[in-house]
Amino acid sequence: MRLWISRLAIVTVVCAWAGTVAAFETRATAAYVLDQTTGTVLLSKNAQEPLPPASMSKLMTLYMAFEAIADGHLDINETLPVSAEAAAYGGSSMFLDTTDRVSVEDLLRGVIVLSGNDASTVLAEALSPDGTEAGFARLSTERARQLGMINSNFTNANGWPEVGHRMSMEDLGILADRLITDFPTFYPLFAETEFEFDGRVPSNSRNRNPVLSMGIGADGLKTGHTQEAGYGLVGSAKQGDRRIIFVITGLDTVAERSQESQKIVNWAFRQFAEKDVVRAGTRIAEADVWMGESAMVGLTVAEDVSLLVPILNEGDIAAQVVYNGPIEAPITAGDQLGELVVQLDGLPEKRLPLVAESDVIRGGFATRLRTAALVLWDKFGPGADDAAEGA
């Protein structure tokens, strides 16, 4: 029996642009850029290293709050008390005190627009299994693992500097992606530039996110700064049908953070373009079939395929078709039989499922007889002894 394991066939897929793109040289100590539309990672610099996230970790508190509202465990109109622990936080603040009862909606805006450490803690204590911020932090760490954020550990709800409170830039990118995807009704809150809570401290009513006013399609998400972390930003921007998410940290100044953010957005949109590669149903290759009425089955993609490619240097995309073969019948149209592996310079490998183009039924007596004859020929026919000696 002829059996090929991980058989590779090289095919050329046309109707796309392939080329190289210069890597973006960022001044950030760690960075992560994702084209959310195609799921393509455009930049990853120290992106899996757990680092102090500063206020960017408030995004996890917001995710937990949005999830609780969606699940019916928290009502956006209910009011929550302010503990002494929450009111005692310094830094960015809604300037809450223990006599306040604040609506969940105001607290959400207080976290997003004002970056309130106190507001984050009020939400955390309400959602905590034991009513404490520490309990909420443990719950957040557990939920982060479930979301695939394996390099995150929380000790508080707001990013206040503490030993062990860490997130990677990739994890923050995953979190931003989930916030945008899972909670589209809440996401517009991140684009709000001003929130005046109860007329308190008018000078503290502006959103610190610099990209919102740049006219580059930016609509979120969260800044962060501590002496240990430097200046950072989790941002997102949409231009046309494309959306990117970017995370940076370790910048030295507010101005540097703003400049670096704008450069990243411009680079991501101007140096890459989404191109149609192949239509659903188009035969990409053929795979060998074992014990079927047909000796071959066509391989195709189930859905139209678009890829993000560098805009320079027009050319064809070369890809590998990978499958374990021959594939034993019966085969049903739509069964996944292999993968189309695409590699472009400067971008991560892309693996796309290939499915059977049509049914292949199991062969009858004549097919089994022909297959048996082939096996016997391989075993006892001319050259079999030489093959055995070389084995």
# chains A, B, ... in the order shown; residues from 1 in each chain; ligands from 1
call {"tool": "select_by_dssp", "arguments": {"residues": "segment 129-235 of chain A", "states": "helix (DSSP H, G or I)", "output": "ChimeraX atom specification"}}
result
/A:133-146,169-182,187-191,202-204,210-213
call {"tool": "closest_atom_pairs", "arguments": {"of": "segment 37-56 of chain A", "to": "segment 337-357 of chain A", "cutoff": "9 Å", "atoms": "only C-alpha atoms", "output": "tab-separated table"}}
result
residue	atom	partner	partner_atom	distance
A:Thr40	CA	A:Pro348	CA	7.3
A:Val41	CA	A:Pro348	CA	6.8
A:Leu42	CA	A:Leu347	CA	6.4
A:Leu43	CA	A:Leu347	CA	8.4
call {"tool": "closest_atom_pairs", "arguments": {"of": "segment 85-199 of chain A", "to": "segment 235-244 of chain A", "cutoff": "10 Å", "atoms": "only C-alpha atoms", "output": "CSV"}}
result
residue,atom,partner,partner_atom,distance
A:Gly173,CA,A:Gly235,CA,9.0
A:Ala176,CA,A:Ser236,CA,8.2
A:Asp177,CA,A:Ser236,CA,9.2
A:Ile180,CA,A:Ser236,CA,9.3
A:Phe190,CA,A:Gly235,CA,9.8
call {"tool": "closest_residue", "arguments": {"among": "A:Asp35, A:Glu67, A:Glu162, A:Asp118", "to": "Gly91 of chain A", "atoms": "only C-alpha atoms"}}
result
A:Asp118
call {"tool": "select_by_dssp", "arguments": {"residues": "segment 243-304 of chain A", "states": "strand (DSSP E or B)", "output": "PyMOL selection string"}}
result
chain A and resi 243-251+272-278+283-290+292+296-300
call {"tool": "residues_around", "arguments": {"residues": "segment 223-226 of chain A", "least_positions_apart": "4", "cutoff": "10 Å", "atoms": "only C-alpha atoms", "output": "ChimeraX atom specification"}}
result
/A:52-59,91,112-113,115,159-161,207-210,230-235,247-254,257
call {"tool": "residues_around", "arguments": {"residues": "Asp106 of chain A", "least_positions_apart": "5", "cutoff": "9 Å", "atoms": "only C-alpha atoms", "output": "PyMOL selection string"}}
result
chain A and resi 76-77+111+119+195+197
call {"tool": "write_last_selection", "arguments": {"atoms": "all heavy atoms", "output": "compact mmCIF listing (two decimals), in the first residue's frame"}}
result
# COMPACT_ATOMS: atom_id res chain seq x y z
N ILE A 76 -27.08 48.02 34.52
CA ILE A 76 -26.38 49.27 34.19
C ILE A 76 -26.97 50.46 34.93
O ILE A 76 -26.31 51.49 35.13
CB ILE A 76 -26.40 49.50 32.66
CG1 ILE A 76 -25.35 50.56 32.27
CG2 ILE A 76 -27.79 49.88 32.18
CD1 ILE A 76 -25.05 50.61 30.79
N ASN A 77 -28.22 50.34 35.38
CA ASN A 77 -28.87 51.46 36.07
C ASN A 77 -28.76 51.39 37.59
O ASN A 77 -29.12 52.35 38.27
CB ASN A 77 -30.34 51.53 35.67
CG ASN A 77 -30.53 51.85 34.20
OD1 ASN A 77 -29.92 52.78 33.69
ND2 ASN A 77 -31.36 51.06 33.52
N VAL A 111 -14.37 54.93 34.39
CA VAL A 111 -13.18 54.11 34.11
C VAL A 111 -12.63 54.43 32.72
O VAL A 111 -11.42 54.63 32.53
CB VAL A 111 -13.51 52.62 34.22
CG1 VAL A 111 -12.29 51.77 33.84
CG2 VAL A 111 -13.95 52.27 35.63
N ALA A 119 -13.30 54.29 40.58
CA ALA A 119 -14.42 53.69 39.87
C ALA A 119 -14.16 52.23 39.55
O ALA A 119 -15.06 51.38 39.67
CB ALA A 119 -14.68 54.46 38.57
N PHE A 195 -16.36 63.42 29.89
CA PHE A 195 -17.39 62.98 30.82
C PHE A 195 -17.30 63.82 32.08
O PHE A 195 -16.30 63.77 32.81
CB PHE A 195 -17.21 61.50 31.16
CG PHE A 195 -18.14 60.99 32.23
CD1 PHE A 195 -19.52 61.15 32.11
CD2 PHE A 195 -17.64 60.37 33.37
CE1 PHE A 195 -20.38 60.69 33.10
CE2 PHE A 195 -18.49 59.91 34.36
CZ PHE A 195 -19.86 60.06 34.24
N PHE A 197 -18.65 64.16 35.53
CA PHE A 197 -19.42 63.46 36.54
C PHE A 197 -19.84 64.40 37.66
O PHE A 197 -19.00 64.93 38.40
CB PHE A 197 -18.60 62.30 37.12
CG PHE A 197 -19.26 61.66 38.31
CD1 PHE A 197 -20.44 60.95 38.17
CD2 PHE A 197 -18.70 61.78 39.58
CE1 PHE A 197 -21.07 60.38 39.27
CE2 PHE A 197 -19.31 61.21 40.69
CZ PHE A 197 -20.50 60.51 40.54
call {"tool": "atom_distance", "arguments": {"atom1": "atom CA of Pro330 of chain A", "atom2": "atom CA of Gly292 of chain A"}}
result
6.6 Å
call {"tool": "residues_around", "arguments": {"residues": "Ser294 of chain A", "least_positions_apart": "3", "cutoff": "12 Å", "atoms": "only C-alpha atoms", "output": "ChimeraX atom specification"}}
result
/A:286-291,297-298,326-331,358-364,367
call {"tool": "residues_around", "arguments": {"residues": "Leu147 of chain A", "least_positions_apart": "2", "cutoff": "12 Å", "atoms": "only C-alpha atoms", "output": "mmCIF file with N, CA, C and O atoms, in the first residue's frame"}}
result
data_model
loop_
_atom_site.group_PDB
_atom_site.id
_atom_site.type_symbol
_atom_site.label_atom_id
_atom_site.label_comp_id
_atom_site.auth_asym_id
_atom_site.auth_seq_id
_atom_site.Cartn_x
_atom_site.Cartn_y
_atom_site.Cartn_z
ATOM 1 N N MET A 60 -9.517 44.874 31.606
ATOM 2 C CA MET A 60 -10.007 43.596 32.116
ATOM 3 C C MET A 60 -11.181 43.813 33.056
ATOM 4 O O MET A 60 -12.166 43.058 33.030
ATOM 5 N N TYR A 63 -14.111 44.488 30.896
ATOM 6 C CA TYR A 63 -14.625 43.266 30.256
ATOM 7 C C TYR A 63 -15.484 42.478 31.243
ATOM 8 O O TYR A 63 -16.563 41.991 30.888
ATOM 9 N N MET A 64 -14.998 42.356 32.470
ATOM 10 C CA MET A 64 -15.755 41.617 33.484
ATOM 11 C C MET A 64 -17.091 42.300 33.782
ATOM 12 O O MET A 64 -18.117 41.637 33.979
ATOM 13 N N SER A 140 -10.426 37.687 37.970
ATOM 14 C CA SER A 140 -9.978 38.233 36.690
ATOM 15 C C SER A 140 -8.863 37.388 36.092
ATOM 16 O O SER A 140 -8.827 37.140 34.877
ATOM 17 N N THR A 141 -7.940 36.960 36.926
ATOM 18 C CA THR A 141 -6.847 36.117 36.443
ATOM 19 C C THR A 141 -7.381 34.807 35.880
ATOM 20 O O THR A 141 -6.941 34.344 34.810
ATOM 21 N N GLU A 142 -8.334 34.226 36.566
ATOM 22 C CA GLU A 142 -8.943 32.976 36.099
ATOM 23 C C GLU A 142 -9.667 33.180 34.770
ATOM 24 O O GLU A 142 -9.537 32.370 33.841
ATOM 25 N N ARG A 143 -10.418 34.271 34.654
ATOM 26 C CA ARG A 143 -11.150 34.541 33.411
ATOM 27 C C ARG A 143 -10.191 34.843 32.274
ATOM 28 O O ARG A 143 -10.436 34.450 31.114
ATOM 29 N N ALA A 144 -9.100 35.532 32.581
ATOM 30 C CA ALA A 144 -8.108 35.828 31.554
ATOM 31 C C ALA A 144 -7.553 34.550 30.946
ATOM 32 O O ALA A 144 -7.364 34.454 29.726
ATOM 33 N N ARG A 145 -7.273 33.559 31.783
ATOM 34 C CA ARG A 145 -6.775 32.275 31.276
ATOM 35 C C ARG A 145 -7.789 31.658 30.315
ATOM 36 O O ARG A 145 -7.422 31.090 29.279
ATOM 37 N N MET A 149 -5.439 34.469 27.625
ATOM 38 C CA MET A 149 -4.444 35.452 28.068
ATOM 39 C C MET A 149 -3.551 34.779 29.110
ATOM 40 O O MET A 149 -3.731 34.923 30.310
ATOM 41 N N ILE A 150 -2.558 34.052 28.623
ATOM 42 C CA ILE A 150 -1.764 33.190 29.505
ATOM 43 C C ILE A 150 -0.638 33.928 30.209
ATOM 44 O O ILE A 150 0.006 33.374 31.105
ATOM 45 N N ASN A 151 -0.374 35.162 29.816
ATOM 46 C CA ASN A 151 0.715 35.928 30.422
ATOM 47 C C ASN A 151 0.195 37.105 31.239
ATOM 48 O O ASN A 151 0.823 38.160 31.309
ATOM 49 N N SER A 152 -0.969 36.912 31.852
ATOM 50 C CA SER A 152 -1.573 37.965 32.667
ATOM 51 C C SER A 152 -1.838 37.464 34.080
ATOM 52 O O SER A 152 -2.265 36.329 34.277
ATOM 53 N N ASP A 171 -1.528 39.813 25.268
ATOM 54 C CA ASP A 171 -2.749 39.597 26.041
ATOM 55 C C ASP A 171 -3.669 40.816 25.984
ATOM 56 O O ASP A 171 -4.892 40.688 25.881
ATOM 57 N N LEU A 172 -3.087 41.999 26.057
ATOM 58 C CA LEU A 172 -3.897 43.206 25.936
ATOM 59 C C LEU A 172 -4.538 43.301 24.548
ATOM 60 O O LEU A 172 -5.667 43.777 24.403
ATOM 61 N N GLY A 173 -3.819 42.837 23.533
ATOM 62 C CA GLY A 173 -4.391 42.795 22.187
ATOM 63 C C GLY A 173 -5.552 41.815 22.102
ATOM 64 O O GLY A 173 -6.578 42.096 21.470
ATOM 65 N N ILE A 174 -5.385 40.649 22.728
ATOM 66 C CA ILE A 174 -6.473 39.665 22.775
ATOM 67 C C ILE A 174 -7.689 40.262 23.472
ATOM 68 O O ILE A 174 -8.832 40.113 23.021
ATOM 69 N N LEU A 175 -7.443 40.954 24.577
ATOM 70 C CA LEU A 175 -8.524 41.554 25.347
ATOM 71 C C LEU A 175 -9.240 42.640 24.546
ATOM 72 O O LEU A 175 -10.483 42.721 24.547
ATOM 73 N N ALA A 176 -8.480 43.489 23.853
ATOM 74 C CA ALA A 176 -9.089 44.526 23.029
ATOM 75 C C ALA A 176 -9.955 43.907 21.935
ATOM 76 O O ALA A 176 -11.073 44.373 21.658
ATOM 77 N N ASP A 177 -9.457 42.855 21.327
ATOM 78 C CA ASP A 177 -10.210 42.153 20.290
ATOM 79 C C ASP A 177 -11.532 41.639 20.840
ATOM 80 O O ASP A 177 -12.596 41.787 20.221
ATOM 81 N N ARG A 178 -11.496 41.044 22.025
ATOM 82 C CA ARG A 178 -12.707 40.509 22.626
ATOM 83 C C ARG A 178 -13.688 41.623 23.026
ATOM 84 O O ARG A 178 -14.901 41.470 22.881
ATOM 85 N N LEU A 179 -13.179 42.730 23.531
ATOM 86 C CA LEU A 179 -14.050 43.850 23.892
ATOM 87 C C LEU A 179 -14.810 44.368 22.669
ATOM 88 O O LEU A 179 -16.024 44.618 22.723
ATOM 89 N N ASP A 182 -17.100 41.132 21.357
ATOM 90 C CA ASP A 182 -18.129 40.598 22.253
ATOM 91 C C ASP A 182 -19.146 41.645 22.702
ATOM 92 O O ASP A 182 -20.284 41.291 23.026
#
call {"tool": "atom_distance", "arguments": {"atom1": "atom CA of Leu108 of chain A", "atom2": "atom CA of Arg206 of chain A"}}
result
14.6 Å
